[in-house]
Amino acid sequence: MGESKLLTKVSIIVIAAVCLLAFGDIAYFVFSQGIPLLTVDSPIIFPFLIDLVLLISLIMVIAGEMKKSSHEKGTDKDEPENIKDLIAVAAYFAGTAAYILVLKNLHFLTGTIIYMLAIMYLLHEAKRSADKVVKILIPCLITVPAVYFVFSGIFHVILP
């Protein structure tokens with residue numbers, strides 16, 4: 001997949017929307033609940049800093065794209081392939097949203113194994129389905145329990 005102006009524009013729009021929603025949510029906590037923002041013990045300082053980094057990165061990407069587009073005046077020639085890629089990105093986004101929504105009911109191990117199997121199955125480019133399943137099943141069954149052990153056993157973080 002080459003560089004696509006359509007995918008770049010959609011990515012910028014989605015990231016800008018996420019950044020705006022995150023700042024709105026942070027402002028809600030600061031103004032409606034009186035949570036201090038710029039203190040070390042503030043529960044929203046880390047999300048604020050992450051959103052700030054996201055905003056700075058977004059501005060840098062937009063500036064780079066504007067600089068690049070001023071030098072190039074070509075057209076996006078592979079539009080059908082770009083639409084296909086955009087549909088694939090939307091499918092991954094929808095799958096991730098569904099994973100987040102059902103994670104509470106399926107719990108971490110089951111939900112993450114199913115999600116990881118589905119995403120790896122779609123990303124793997126083997127010709128036969130049997131080859132895909134065999135090549136992705138073992139990493140999924142090793143990685144997810146290992147991540148669960150690290151968070152629950154070592155960091156003592158309770159996962160859903």
# chains A, B, ... in the order shown; residues from 1 in each chain; ligands from 1
call {"tool": "residues_around", "arguments": {"residues": "region 58-73 of chain A", "least_positions_apart": "5", "cutoff": "8 Å", "atoms": "only C-alpha atoms", "output": "list in words"}}
result
Ile12, Ile15 and Ala16 of chain A
call {"tool": "residues_around", "arguments": {"residues": "region 97-114 of chain A", "least_positions_apart": "6", "cutoff": "9 Å", "atoms": "only C-alpha atoms", "output": "count of residues only"}}
result
8
call {"tool": "atom_distance", "arguments": {"atom1": "CA of Val40 (chain A)", "atom2": "CA of Asp25 (chain A)"}}
result
19.1 Å
call {"tool": "select_by_dssp", "arguments": {"residues": "region 10-141 of chain A", "states": "alpha helix (DSSP H)", "output": "number ranges by chain"}}
result
A: 10-32, 45-71, 79-106, 108-123, 129-141
call {"tool": "atom_distance", "arguments": {"atom1": "CA of Met116 (chain A)", "atom2": "CA of Val10 (chain A)"}}
result
24.6 Å
call {"tool": "atom_distance", "arguments": {"atom1": "CA of His124 (chain A)", "atom2": "CA of Val89 (chain A)"}}
result
14.8 Å
call {"tool": "closest_residue", "arguments": {"among": "A:Ile35, A:Val157, A:Val30, A:Cys19", "to": "Ile56 (chain A)", "atoms": "only C-alpha atoms"}}
result
A:Cys19
call {"tool": "closest_residue", "arguments": {"among": "A:Leu86, A:Val147, A:Leu21, A:Leu6", "to": "Leu55 (chain A)", "atoms": "only C-alpha atoms"}}
result
A:Leu21
call {"tool": "closest_residue", "arguments": {"among": "A:Ala130, A:Val14, A:Tyr115, A:Leu7", "to": "Ile87 (chain A)", "atoms": "only C-alpha atoms"}}
result
A:Leu7
call {"tool": "residues_around", "arguments": {"residues": "Gly24 (chain A)", "least_positions_apart": "6", "cutoff": "12 Å", "atoms": "only C-alpha atoms", "output": "list in words"}}
result
Ala17, Val18, Val30, Phe31, Ser32, Pro47, Phe48 and Asp51 of chain A
call {"tool": "closest_residue", "arguments": {"among": "A:Phe46, A:Tyr92, A:Phe23, A:Phe149", "to": "Ala118 (chain A)", "atoms": "only C-alpha atoms"}}
result
A:Tyr92
